[in-house]
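Q: Have a peek at start_6.json (JSON, C-alpha atoms).
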[["chain", "number", "residue", "atom", "x", "y", "z"],
["L", 1, "MET", "CA", 0.00, 0.00, 0.00],
["L", 2, "ASP", "CA", 1.18, 3.53, -0.77],
["L", 3, "GLN", "CA", 2.51, 5.56, 2.13],
["L", 4, "GLN", "CA", -0.15, 7.79, 3.68],
["L", 5, "ILE", "CA", 0.80, 11.44, 3.21],
["L", 6, "LYS", "CA", 0.07, 13.71, 6.17],
["L", 7, "TRP", "CA", -0.71, 17.30, 5.12],
["L", 8, "GLY", "CA", -0.55, 20.55, 7.04],
["L", 9, "ILE", "CA", -2.02, 23.90, 5.98],
["L", 10, "ILE", "CA", -0.71, 27.35, 6.88],
["L", 11, "GLY", "CA", -3.22, 30.11, 6.17],
["L", 12, "ILE", "CA", -6.92, 29.24, 6.15],
["L", 13, "GLY", "CA", -8.70, 31.60, 3.76],
["L", 14, "LYS", "CA", -11.04, 30.78, 0.86],
["L", 15, "ILE", "CA", -8.48, 28.91, -1.21],
["L", 16, "ALA", "CA", -7.47, 26.77, 1.76],
["L", 17, "GLU", "CA", -11.16, 25.85, 2.26],
["L", 18, "LYS", "CA", -11.35, 24.54, -1.32],
["L", 19, "PHE", "CA", -7.99, 22.80, -1.03],
["L", 20, "ALA", "CA", -8.97, 21.03, 2.19],
["L", 21, "TYR", "CA", -12.24, 19.88, 0.63],
["L", 22, "ASP", "CA", -10.39, 18.46, -2.40],
["L", 23, "LEU", "CA", -7.81, 16.78, -0.20],
["L", 24, "SER", "CA", -10.49, 14.31, 0.86],
["L", 25, "PHE", "CA", -10.74, 13.12, -2.76],
["L", 26, "ALA", "CA", -7.04, 12.29, -3.06],
["L", 27, "ALA", "CA", -5.94, 8.73, -2.37],
["L", 28, "ASN", "CA", -4.32, 7.73, 0.94],
["L", 29, "CYS", "CA", -3.62, 11.13, 2.44],
["L", 30, "LYS", "CA", -5.11, 13.15, 5.28],
["L", 31, "LEU", "CA", -5.21, 16.63, 6.75],
["L", 32, "GLU", "CA", -3.15, 16.31, 9.91],
["L", 33, "ALA", "CA", -2.86, 19.91, 11.14],
["L", 34, "VAL", "CA", -3.75, 23.51, 10.31],
["L", 35, "ALA", "CA", -2.28, 26.79, 11.52],
["L", 36, "SER", "CA", -3.58, 30.34, 11.49],
["L", 37, "ASN", "CA", -2.81, 33.55, 13.33],
["L", 38, "SER", "CA", -6.14, 32.94, 15.08],
["L", 39, "LEU", "CA", -6.49, 29.79, 17.17],
["L", 40, "GLU", "CA", -10.28, 30.03, 17.13],
["L", 41, "ARG", "CA", -10.40, 30.18, 13.32],
["L", 42, "ALA", "CA", -7.91, 27.32, 13.09],
["L", 43, "GLN", "CA", -10.03, 25.19, 15.40],
["L", 44, "ASP", "CA", -13.20, 25.91, 13.41],
["L", 45, "PHE", "CA", -11.40, 25.04, 10.17],
["L", 46, "ALA", "CA", -10.03, 21.83, 11.67],
["L", 47, "ILE", "CA", -13.48, 20.72, 12.76],
["L", 48, "ARG", "CA", -15.01, 21.39, 9.33],
["L", 49, "HIS", "CA", -12.26, 19.54, 7.49],
["L", 50, "LYS", "CA", -11.52, 16.83, 10.07],
["L", 51, "ALA", "CA", -7.94, 17.85, 10.83],
["L", 52, "ASP", "CA", -6.46, 16.27, 13.94],
["L", 53, "HIS", "CA", -4.69, 19.41, 15.20],
["L", 54, "ALA", "CA", -5.19, 23.19, 15.08],
["L", 55, "TYR", "CA", -2.73, 25.92, 16.06],
["L", 56, "GLY", "CA", -2.87, 29.68, 16.48],
["L", 57, "CYS", "CA", 0.77, 30.14, 15.47],
["L", 58, "TYR", "CA", 2.41, 29.02, 12.22],
["L", 59, "GLU", "CA", 5.51, 27.61, 13.93],
["L", 60, "ASP", "CA", 3.39, 25.49, 16.26],
["L", 61, "LEU", "CA", 2.25, 23.46, 13.25],
["L", 62, "PHE", "CA", 5.47, 21.45, 13.50],
["L", 63, "LYS", "CA", 4.43, 20.05, 16.85],
["L", 64, "SER", "CA", 2.47, 17.67, 14.63],
["L", 65, "GLU", "CA", 4.06, 15.14, 12.31],
["L", 66, "VAL", "CA", 3.39, 16.39, 8.80],
["L", 67, "ASP", "CA", 4.99, 15.30, 5.52],
["L", 68, "VAL", "CA", 4.10, 18.37, 3.50],
["L", 69, "VAL", "CA", 2.58, 21.79, 4.11],
["L", 70, "TYR", "CA", 0.28, 23.72, 1.79],
["L", 71, "ILE", "CA", 0.90, 27.45, 2.18],
["L", 72, "ALA", "CA", -2.16, 29.60, 1.49],
["L", 73, "THR", "CA", -1.21, 32.86, 3.18],
["L", 74, "PRO", "CA", -1.17, 36.29, 1.47],
["L", 75, "HIS", "CA", 1.54, 36.58, -1.19],
["L", 76, "THR", "CA", 3.84, 38.63, 1.02],
["L", 77, "LEU", "CA", 4.22, 35.74, 3.49],
["L", 78, "HIS", "CA", 5.00, 33.00, 0.95],
["L", 79, "GLU", "CA", 8.77, 33.28, 1.23],
["L", 80, "SER", "CA", 8.92, 33.35, 5.03],
["L", 81, "CYS", "CA", 6.41, 30.53, 5.46],
["L", 82, "THR", "CA", 8.19, 28.37, 2.88],
["L", 83, "GLN", "CA", 11.51, 28.95, 4.63],
["L", 84, "LEU", "CA", 9.90, 28.07, 7.98],
["L", 85, "CYS", "CA", 8.73, 24.72, 6.62],
["L", 86, "LEU", "CA", 12.01, 23.91, 4.89],
["L", 87, "GLU", "CA", 13.99, 24.73, 8.02],
["L", 88, "HIS", "CA", 11.83, 22.17, 9.84],
["L", 89, "GLY", "CA", 12.61, 19.62, 7.13],
["L", 90, "VAL", "CA", 9.07, 19.57, 5.73],
["L", 91, "ALA", "CA", 8.10, 19.56, 2.03],
["L", 92, "VAL", "CA", 6.16, 22.51, 0.66],
["L", 93, "LEU", "CA", 3.39, 23.22, -1.82],
["L", 94, "CYS", "CA", 3.16, 27.02, -1.91],
["L", 95, "GLU", "CA", 0.31, 28.94, -3.52],
["L", 96, "LYS", "CA", 0.88, 31.05, -6.59],
["L", 97, "PRO", "CA", 2.45, 33.49, -7.09],
["L", 98, "PHE", "CA", 5.34, 31.58, -5.55],
["L", 99, "ALA", "CA", 6.52, 34.79, -3.89],
["L", 100, "MET", "CA", 6.52, 38.54, -4.49],
["L", 101, "ASN", "CA", 9.51, 38.68, -6.82],
["L", 102, "GLU", "CA", 12.35, 36.72, -8.37],
["L", 103, "LYS", "CA", 14.75, 37.38, -5.48],
["L", 104, "GLU", "CA", 12.35, 35.77, -2.98],
["L", 105, "VAL", "CA", 11.63, 32.79, -5.24],
["L", 106, "THR", "CA", 15.36, 32.25, -5.81],
["L", 107, "ASN", "CA", 15.90, 32.19, -2.04],
["L", 108, "MET", "CA", 13.18, 29.58, -1.64],
["L", 109, "VAL", "CA", 14.48, 27.40, -4.46],
["L", 110, "ASN", "CA", 18.08, 27.58, -3.25],
["L", 111, "LEU", "CA", 17.09, 26.59, 0.29],
["L", 112, "ALA", "CA", 14.99, 23.64, -0.94],
["L", 113, "ARG", "CA", 17.84, 22.41, -3.13],
["L", 114, "GLU", "CA", 20.39, 22.89, -0.36],
["L", 115, "LYS", "CA", 18.30, 20.88, 2.09],
["L", 116, "LYS", "CA", 17.13, 18.39, -0.57],
["L", 117, "ILE", "CA", 13.46, 18.90, 0.31],
["L", 118, "PHE", "CA", 10.53, 18.83, -2.10],
["L", 119, "LEU", "CA", 9.17, 22.23, -3.14],
["L", 120, "MET", "CA", 6.52, 23.10, -5.72],
["L", 121, "GLU", "CA", 4.48, 26.14, -6.73],
["L", 122, "ALA", "CA", 0.75, 25.44, -6.49],
["L", 123, "MET", "CA", 0.02, 26.22, -10.13],
["L", 124, "TRP", "CA", -2.95, 23.85, -10.02],
["L", 125, "THR", "CA", -3.93, 24.66, -13.62],
["L", 126, "ARG", "CA", -0.91, 22.68, -14.84],
["L", 127, "PHE", "CA", -2.34, 19.38, -13.58],
["L", 128, "LEU", "CA", -5.95, 19.65, -14.72],
["L", 129, "PRO", "CA", -7.14, 17.12, -17.33],
["L", 130, "SER", "CA", -8.09, 19.99, -19.67],
["L", 131, "THR", "CA", -4.53, 21.35, -19.54],
["L", 132, "LEU", "CA", -3.03, 17.90, -20.08],
["L", 133, "LYS", "CA", -5.30, 17.41, -23.11],
["L", 134, "MET", "CA", -4.35, 20.83, -24.48],
["L", 135, "MET", "CA", -0.65, 19.97, -24.18],
["L", 136, "GLU", "CA", -1.27, 16.60, -25.85],
["L", 137, "LEU", "CA", -3.01, 18.28, -28.81],
["L", 138, "LEU", "CA", -0.23, 20.85, -29.16],
["L", 139, "ALA", "CA", 2.49, 18.20, -28.97],
["L", 140, "ALA", "CA", 0.74, 16.32, -31.79],
["L", 141, "ASP", "CA", 0.88, 19.50, -33.89],
["L", 142, "THR", "CA", -2.91, 19.29, -34.23],
["L", 143, "ILE", "CA", -3.42, 23.03, -34.87],
["L", 144, "GLY", "CA", -0.09, 23.59, -36.58],
["L", 145, "LYS", "CA", 2.25, 26.34, -35.49],
["L", 146, "ILE", "CA", 0.86, 28.66, -32.81],
["L", 147, "LYS", "CA", 0.49, 32.22, -34.12],
["L", 148, "THR", "CA", -1.39, 33.97, -31.34],
["L", 149, "ILE", "CA", -2.98, 33.37, -27.93],
["L", 150, "HIS", "CA", -5.83, 35.42, -26.49],
["L", 151, "ALA", "CA", -6.69, 35.00, -22.82],
["L", 152, "ASP", "CA", -8.44, 37.10, -20.18],
["L", 153, "PHE", "CA", -9.46, 36.83, -16.55],
["L", 154, "GLY", "CA", -11.70, 39.41, -14.94],
["L", 155, "PHE", "CA", -14.29, 39.88, -12.20],
["L", 156, "VAL", "CA", -15.58, 42.77, -10.13],
["L", 157, "ALA", "CA", -13.75, 42.74, -6.80],
["L", 158, "PRO", "CA", -15.68, 44.28, -3.88],
["L", 159, "PHE", "CA", -14.04, 47.42, -2.55],
["L", 160, "LEU", "CA", -12.57, 46.10, 0.70],
["L", 161, "PRO", "CA", -9.20, 47.87, 0.88],
["L", 162, "GLU", "CA", -8.08, 46.07, 4.03],
["L", 163, "ARG", "CA", -8.41, 42.66, 2.36],
["L", 164, "ARG", "CA", -5.62, 40.99, 0.39],
["L", 165, "THR", "CA", -7.10, 41.60, -3.06],
["L", 166, "LEU", "CA", -6.77, 45.41, -2.99],
["L", 167, "ASN", "CA", -4.15, 45.84, -0.26],
["L", 168, "PRO", "CA", -0.67, 46.71, -1.59],
["L", 169, "LYS", "CA", 0.90, 45.65, 1.73],
["L", 170, "LEU", "CA", -0.42, 42.13, 1.10],
["L", 171, "GLY", "CA", 0.64, 41.97, -2.55],
["L", 172, "GLY", "CA", -2.80, 42.89, -3.87],
["L", 173, "GLY", "CA", -3.71, 43.79, -7.42],
["L", 174, "ALA", "CA", -5.12, 42.03, -10.46],
["L", 175, "PHE", "CA", -1.86, 41.10, -12.16],
["L", 176, "LEU", "CA", -0.19, 39.00, -9.45],
["L", 177, "ASP", "CA", -3.49, 37.49, -8.34],
["L", 178, "ILE", "CA", -5.18, 36.54, -11.62],
["L", 179, "GLY", "CA", -2.96, 37.88, -14.41],
["L", 180, "ILE", "CA", -0.60, 35.06, -13.53],
["L", 181, "TYR", "CA", -2.99, 32.62, -15.26],
["L", 182, "PRO", "CA", -2.84, 34.07, -18.79],
["L", 183, "ALA", "CA", 0.88, 34.73, -18.28],
["L", 184, "PHE", "CA", 1.45, 31.10, -17.31],
["L", 185, "LEU", "CA", -0.61, 29.84, -20.27],
["L", 186, "SER", "CA", 1.62, 31.76, -22.66],
["L", 187, "LEU", "CA", 4.79, 30.56, -20.94],
["L", 188, "LEU", "CA", 3.61, 26.96, -20.98],
["L", 189, "THR", "CA", 2.68, 26.95, -24.65],
["L", 190, "LEU", "CA", 5.07, 29.44, -26.28],
["L", 191, "GLY", "CA", 7.95, 29.76, -23.83],
["L", 192, "TYR", "CA", 9.60, 32.99, -22.72],
["L", 193, "PRO", "CA", 8.80, 36.01, -24.90],
["L", 194, "SER", "CA", 11.34, 38.12, -26.73],
["L", 195, "LYS", "CA", 9.39, 41.35, -26.09],
["L", 196, "ILE", "CA", 7.01, 42.45, -23.32],
["L", 197, "GLU", "CA", 4.59, 45.37, -23.36],
["L", 198, "ALA", "CA", 2.09, 46.17, -20.60],
["L", 199, "LEU", "CA", -0.26, 48.88, -19.35],
["L", 200, "SER", "CA", -2.14, 49.14, -16.06],
["L", 201, "ILE", "CA", -4.99, 51.14, -14.61],
["L", 202, "PHE", "CA", -4.48, 51.74, -10.89],
["L", 203, "GLY", "CA", -7.27, 51.87, -8.34],
["L", 204, "PRO", "CA", -7.66, 54.10, -5.26],
["L", 205, "THR", "CA", -5.55, 51.83, -3.03],
["L", 206, "GLY", "CA", -2.63, 52.01, -5.47],
["L", 207, "VAL", "CA", -2.79, 48.44, -6.78],
["L", 208, "ASP", "CA", -3.41, 47.62, -10.43],
["L", 209, "GLU", "CA", -7.11, 47.21, -11.10],
["L", 210, "THR", "CA", -6.71, 46.25, -14.74],
["L", 211, "THR", "CA", -3.58, 45.18, -16.60],
["L", 212, "SER", "CA", -3.29, 44.41, -20.31],
["L", 213, "PHE", "CA", -0.11, 42.85, -21.62],
["L", 214, "ILE", "CA", 1.26, 41.60, -24.93],
["L", 215, "TYR", "CA", 4.11, 39.15, -25.42],
["L", 216, "GLN", "CA", 5.96, 38.75, -28.70],
["L", 217, "TYR", "CA", 7.95, 35.65, -29.65],
["L", 218, "ASP", "CA", 10.77, 36.40, -32.11],
["L", 219, "ASN", "CA", 8.35, 37.78, -34.71],
["L", 220, "GLU", "CA", 6.70, 34.33, -34.87],
["L", 221, "ALA", "CA", 3.77, 34.65, -32.47],
["L", 222, "THR", "CA", 2.04, 36.92, -29.97],
["L", 223, "ALA", "CA", 0.04, 36.52, -26.79],
["L", 224, "VAL", "CA", -2.64, 39.15, -26.11],
["L", 225, "LEU", "CA", -3.56, 38.95, -22.43],
["L", 226, "ASN", "CA", -5.68, 40.82, -19.90],
["L", 227, "CYS", "CA", -6.73, 40.73, -16.25],
["L", 228, "SER", "CA", -9.11, 42.94, -14.30],
["L", 229, "PHE", "CA", -10.71, 43.43, -10.90],
["L", 230, "GLY", "CA", -13.02, 46.05, -12.44],
["L", 231, "ALA", "CA", -15.07, 44.06, -14.93],
["L", 232, "GLU", "CA", -16.55, 40.63, -15.47],
["L", 233, "THR", "CA", -14.84, 39.20, -18.54],
["L", 234, "ASN", "CA", -15.45, 35.97, -20.44],
["L", 235, "THR", "CA", -12.35, 34.42, -18.83],
["L", 236, "GLU", "CA", -11.66, 32.25, -21.85],
["L", 237, "ALA", "CA", -8.50, 31.33, -23.72],
["L", 238, "PHE", "CA", -7.98, 30.76, -27.44],
["L", 239, "ILE", "CA", -4.84, 29.29, -28.95],
["L", 240, "TYR", "CA", -4.75, 29.97, -32.68],
["L", 241, "GLY", "CA", -2.48, 28.01, -34.99],
["L", 242, "THR", "CA", -1.88, 27.76, -38.72],
["L", 243, "GLU", "CA", -4.18, 24.72, -38.99],
["L", 244, "GLY", "CA", -6.84, 25.48, -36.40],
["L", 245, "SER", "CA", -7.45, 26.53, -32.81],
["L", 246, "ILE", "CA", -8.04, 25.31, -29.27],
["L", 247, "HIS", "CA", -10.71, 27.00, -27.14],
["L", 248, "LEU", "CA", -10.40, 26.64, -23.37],
["L", 249, "HIS", "CA", -13.88, 27.44, -22.12],
["L", 250, "SER", "CA", -14.64, 29.65, -19.15],
["L", 251, "ARG", "CA", -13.08, 29.74, -16.72],
["L", 252, "PHE", "CA", -10.07, 28.76, -18.76],
["L", 253, "HIS", "CA", -7.63, 28.27, -15.87],
["L", 254, "GLU", "CA", -9.93, 25.61, -14.39],
["L", 255, "SER", "CA", -11.72, 24.61, -17.58],
["L", 256, "LYS", "CA", -13.95, 21.55, -17.73],
["L", 257, "LYS", "CA", -14.29, 21.78, -21.50],
["L", 258, "LEU", "CA", -12.12, 22.51, -24.50],
["L", 259, "THR", "CA", -12.99, 22.64, -28.18],
["L", 260, "LEU", "CA", -10.64, 21.70, -30.99],
["L", 261, "ASN", "CA", -11.31, 23.50, -34.26],
["L", 262, "ILE", "CA", -9.45, 22.16, -37.29],
["L", 263, "THR", "CA", -9.83, 24.14, -40.49],
["L", 264, "GLY", "CA", -12.43, 22.49, -42.73],
["L", 265, "GLN", "CA", -13.62, 20.03, -40.04],
["L", 266, "GLU", "CA", -16.43, 19.93, -37.51],
["L", 267, "PRO", "CA", -15.45, 21.20, -34.03],
["L", 268, "GLN", "CA", -14.54, 18.50, -31.52],
["L", 269, "ASP", "CA", -15.43, 18.96, -27.85],
["L", 270, "PHE", "CA", -13.64, 17.38, -24.90],
["L", 271, "SER", "CA", -15.32, 17.40, -21.47],
["L", 272, "PHE", "CA", -13.67, 16.94, -18.09],
["L", 273, "GLU", "CA", -16.35, 16.87, -15.42],
["L", 274, "ARG", "CA", -15.29, 16.59, -11.79],
["L", 275, "GLU", "CA", -16.75, 16.56, -8.29],
["L", 276, "THR", "CA", -13.96, 18.71, -6.92],
["L", 277, "PHE", "CA", -12.76, 22.28, -7.30],
["L", 278, "GLY", "CA", -9.75, 20.88, -9.17],
["L", 279, "TYR", "CA", -7.05, 21.07, -6.53],
["L", 280, "ASN", "CA", -7.02, 17.29, -6.10],
["L", 281, "TYR", "CA", -4.90, 16.88, -9.24],
["L", 282, "GLU", "CA", -1.99, 18.92, -7.85],
["L", 283, "ILE", "CA", -2.42, 17.14, -4.51],
["L", 284, "GLU", "CA", -2.04, 13.78, -6.24],
["L", 285, "GLU", "CA", 1.05, 15.08, -8.04],
["L", 286, "VAL", "CA", 2.68, 16.11, -4.76],
["L", 287, "ASN", "CA", 1.74, 12.81, -3.11],
["L", 288, "LYS", "CA", 3.26, 10.89, -6.02],
["L", 289, "CYS", "CA", 6.47, 12.94, -5.92],
["L", 290, "LEU", "CA", 6.88, 12.42, -2.17],
["L", 291, "ARG", "CA", 6.30, 8.69, -2.43],
["L", 292, "ASN", "CA", 8.88, 8.50, -5.23],
["L", 293, "GLY", "CA", 11.43, 10.54, -3.28],
["L", 294, "GLN", "CA", 11.45, 13.35, -5.86],
["L", 295, "MET", "CA", 12.67, 16.83, -4.99],
["L", 296, "GLU", "CA", 10.64, 18.46, -7.79],
["L", 297, "SER", "CA", 7.63, 17.81, -10.00],
["L", 298, "GLU", "CA", 8.42, 16.99, -13.60],
["L", 299, "LEU", "CA", 5.27, 18.80, -14.74],
["L", 300, "MET", "CA", 5.87, 21.92, -12.64],
["L", 301, "PRO", "CA", 9.62, 21.99, -11.96],
["L", 302, "LEU", "CA", 11.32, 24.78, -10.05],
["L", 303, "ALA", "CA", 12.95, 25.98, -13.29],
["L", 304, "MET", "CA", 9.45, 26.74, -14.61],
["L", 305, "SER", "CA", 8.58, 28.71, -11.47],
["L", 306, "LEU", "CA", 11.81, 30.70, -11.82],
["L", 307, "LYS", "CA", 10.95, 31.53, -15.43],
["L", 308, "LEU", "CA", 7.40, 32.46, -14.45],
["L", 309, "ILE", "CA", 8.40, 34.86, -11.67],
["L", 310, "HIS", "CA", 11.00, 36.44, -13.96],
["L", 311, "LEU", "CA", 8.24, 36.96, -16.54],
["L", 312, "LEU", "CA", 5.91, 38.42, -13.90],
["L", 313, "ASP", "CA", 8.62, 40.79, -12.68],
["L", 314, "LYS", "CA", 9.41, 42.02, -16.18],
["L", 315, "THR", "CA", 5.71, 42.48, -16.99],
["L", 316, "ARG", "CA", 5.16, 44.41, -13.75],
["L", 317, "GLU", "CA", 8.14, 46.56, -14.64],
["L", 318, "ALA", "CA", 6.66, 47.34, -18.06],
["L", 319, "ALA", "CA", 3.27, 48.14, -16.48],
["L", 320, "ARG", "CA", 4.92, 50.18, -13.66],
["L", 321, "ILE", "CA", 3.39, 48.01, -10.95],
["L", 322, "VAL", "CA", 5.50, 48.49, -7.82],
["L", 323, "TYR", "CA", 5.23, 46.94, -4.35]]
Just give me the structure of the file as C-alpha cells.
A:
Amino acid sequence: MDQQIKWGIIGIGKIAEKFAYDLSFAANCKLEAVASNSLERAQDFAIRHKADHAYGCYEDLFKSEVDVVYIATPHTLHESCTQLCLEHGVAVLCEKPFAMNEKEVTNMVNLAREKKIFLMEAMWTRFLPSTLKMMELLAADTIGKIKTIHADFGFVAPFLPERRTLNPKLGGGAFLDIGIYPAFLSLLTLGYPSKIEALSIFGPTGVDETTSFIYQYDNEATAVLNCSFGAETNTEAFIYGTEGSIHLHSRFHESKKLTLNITGQEPQDFSFERETFGYNYEIEEVNKCLRNGQMESELMPLAMSLKLIHLLDKTREAARIVY
C-alpha cells in the first residue's frame, strides 16, 4: 500500500477551504494539522475539514508530524512561510504566485535544493485534465504552429481595501493574483517572450485594477492577455495556430471543457467533469512525488517557477506596478 501522506495547511482563507475539501478526494492522504494567526479560526477550520490538530501560530504546526505543508497565506508571506517549513525539514506546496519577486523565489528554491526537500508552486492549472489534453493536442501539432494566444481573466472585486485583493501591503492587485494565469498559459505553450509590453490602470488603493499585456515571440507569435478586478470578462482562452485553434472554455484556468477546431472540419469537444474544485490533481502530483522521493515535480519543476516569476517581474516593470 502507498505511504499515507500527512498534510498541514498554513493560512486558512477561501483557497485553503477549497484545497482542504479536495484533499479528501485524493488517495491515501489526510489533513493532519492547520495553523492560522487565530487559534479560534484554526479550530473551526479543523473541525469542518476533520484535521487532527489546530494551532494559532504558524511555527506550532510542527508540533504535529506532517509530511508536507500547503501554504495559502497572502503573497507577502509565501517566502517566510516556505523557509519556515524547509527549516523544519518539511516539504512545501506554496500557492501562486510563488513569492513577491524573483529574489524571494530564488531564495526559496536555493534553500529547498540545499536541504534536498521537495518544493513546488501550487500552479494547479498545470495538472488539470483539460490542460493535459491541451498539451497533448499541441504536442501532436494538431493546430499547426501557434500564431497567437488570447486570454483574459476578470471579475468585479468588492471594494474592501483592508483585504488581500486590494491591499498593496499584502501583494494585492489584479496582475499578481489573476494575471498570472494568462501569463502562465503563454509561458507553458510558447515559452519565454522576446518582447514584453504592458499597461495598467491603478485603483484608489494604489494596486493595479486592470492590466493588459502583450508578449511577442521572435516575430513568430504573440500573446494578447488581460486581467481585471473592475469588470466581469469571459475568462476564456484561445490558442490559434496555422491549422486550427483550441478554445479553453470559461473559466479557462480551471476549464472543464475545450474545443478543438481544425480548419475544414467539424469542431470537436472534450469534457472533463469533476466533483472537486480541481485542486485534487496537484495534490495527487505532490503525493506521487513524495512517495517516489522526488525533490521536484516533472510537470511543474522549479525551473518553470523561476521563469514564471521572472516573466511576472518584467511584466510588472513594463506596467509600472510596484510593491
Q: Which distance in Å separates atom CA of L:Asp22 and atom CA of L:His249, to one decimal?
A: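 Separation between atom CA of L:Asp22 and atom CA of L:His249: 21.9 Å.
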Q: Could you jot down the atom CA of L:Thr82 to atom CA of L:Ile47 separation for me, Å, one decimal place?
A: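 That distance, rounded to one decimal, is 25.0 Å.
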Q: Just the number, please: distance in Å from atom CA of L:Val90 to atom CA of L:Asp67, one decimal.
A: 5.9 Å
Q: Can you pull out the residues contacting L:Glu282? Cut-off 9 Å, using only C-alpha atoms, and skip same-chain residues under 4 positions away; I want them as a PyMOL selection string.
A: chain L and resi 122-128+278+286-287
Q: Can you list, as a PyMOL selection string, every protein, DNA or RNA residue that comes within 8 Å of L:Asn37 when you count only C-alpha atoms, leaving out same-chain residues fewer than 5 positions away?
A: chain L and resi 11+56-58
Q: Compile the contact shell of stretch 195-207 of chain L as a list of chain:residue names: residues with an atom at most 6 Å away, counting all atoms listed in the file, same-chain residues fewer than 2 positions apart removed.
A: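 Returned residues: L:Pro168, L:Gly173, L:Pro193, L:Glu209, L:Thr210, L:Thr211, L:Ser212, L:Phe213, L:Ile214, L:Tyr215, L:Gln216, L:Ala318, L:Ala319.
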Q: Please, could you write that set of residues out with C-alpha atoms as a PDB file, in the frame of the given file?
A:
ATOM      1  CA  PRO L 168      -0.670  46.710  -1.590  1.00  0.00           C
ATOM      2  CA  GLY L 173      -3.710  43.790  -7.420  1.00  0.00           C
ATOM      3  CA  PRO L 193       8.800  36.010 -24.900  1.00  0.00           C
ATOM      4  CA  GLU L 209      -7.110  47.210 -11.100  1.00  0.00           C
ATOM      5  CA  THR L 210      -6.710  46.250 -14.740  1.00  0.00           C
ATOM      6  CA  THR L 211      -3.580  45.180 -16.600  1.00  0.00           C
ATOM      7  CA  SER L 212      -3.290  44.410 -20.310  1.00  0.00           C
ATOM      8  CA  PHE L 213      -0.110  42.850 -21.620  1.00  0.00           C
ATOM      9  CA  ILE L 214       1.260  41.600 -24.930  1.00  0.00           C
ATOM     10  CA  TYR L 215       4.110  39.150 -25.420  1.00  0.00           C
ATOM     11  CA  GLN L 216       5.960  38.750 -28.700  1.00  0.00           C
ATOM     12  CA  ALA L 318       6.660  47.340 -18.060  1.00  0.00           C
ATOM     13  CA  ALA L 319       3.270  48.140 -16.480  1.00  0.00           C
TER      14      ALA L 319
END
Q: If you take all atoms listed in the file and a cut-off of 9 Å, which residues of stretch 158-266 of chain L touch stretch 137-142 of chain L, and what are their nearest atom pairs and distances in Å to one decimal, in chain and number order, as CSV?
A:
residue,atom,partner,partner_atom,distance
L:Thr189,CA,L:Leu138,CA,8.1
L:Gly241,CA,L:Thr142,CA,8.8
L:Glu243,CA,L:Thr142,CA,7.3
L:Gly244,CA,L:Thr142,CA,7.6
L:Ser245,CA,L:Thr142,CA,8.7
L:Ile246,CA,L:Leu137,CA,8.7
L:Leu260,CA,L:Leu137,CA,8.6
L:Ile262,CA,L:Thr142,CA,7.8
Q: For L:Ala35, work out the shell of residues within 8 Å, counting all atoms listed in the file and skipping chain neighbours fewer than 3 positions away, then give it as a PyMOL selection string.
A: chain L and resi 8-12+39+42+54-58+60-61
Q: Measuring atom to atom with only C-alpha atoms, identify which of L:Phe155, L:Tyr70, L:Phe252, L:Tyr192 is nearest to L:Ala231.
A: L:Phe155
Q: Of the candidates L:Tyr181, L:Ala157, L:Gln83, L:His75, which one gets nearest to L:Thr106 if we count only C-alpha atoms?
A: L:Gln83
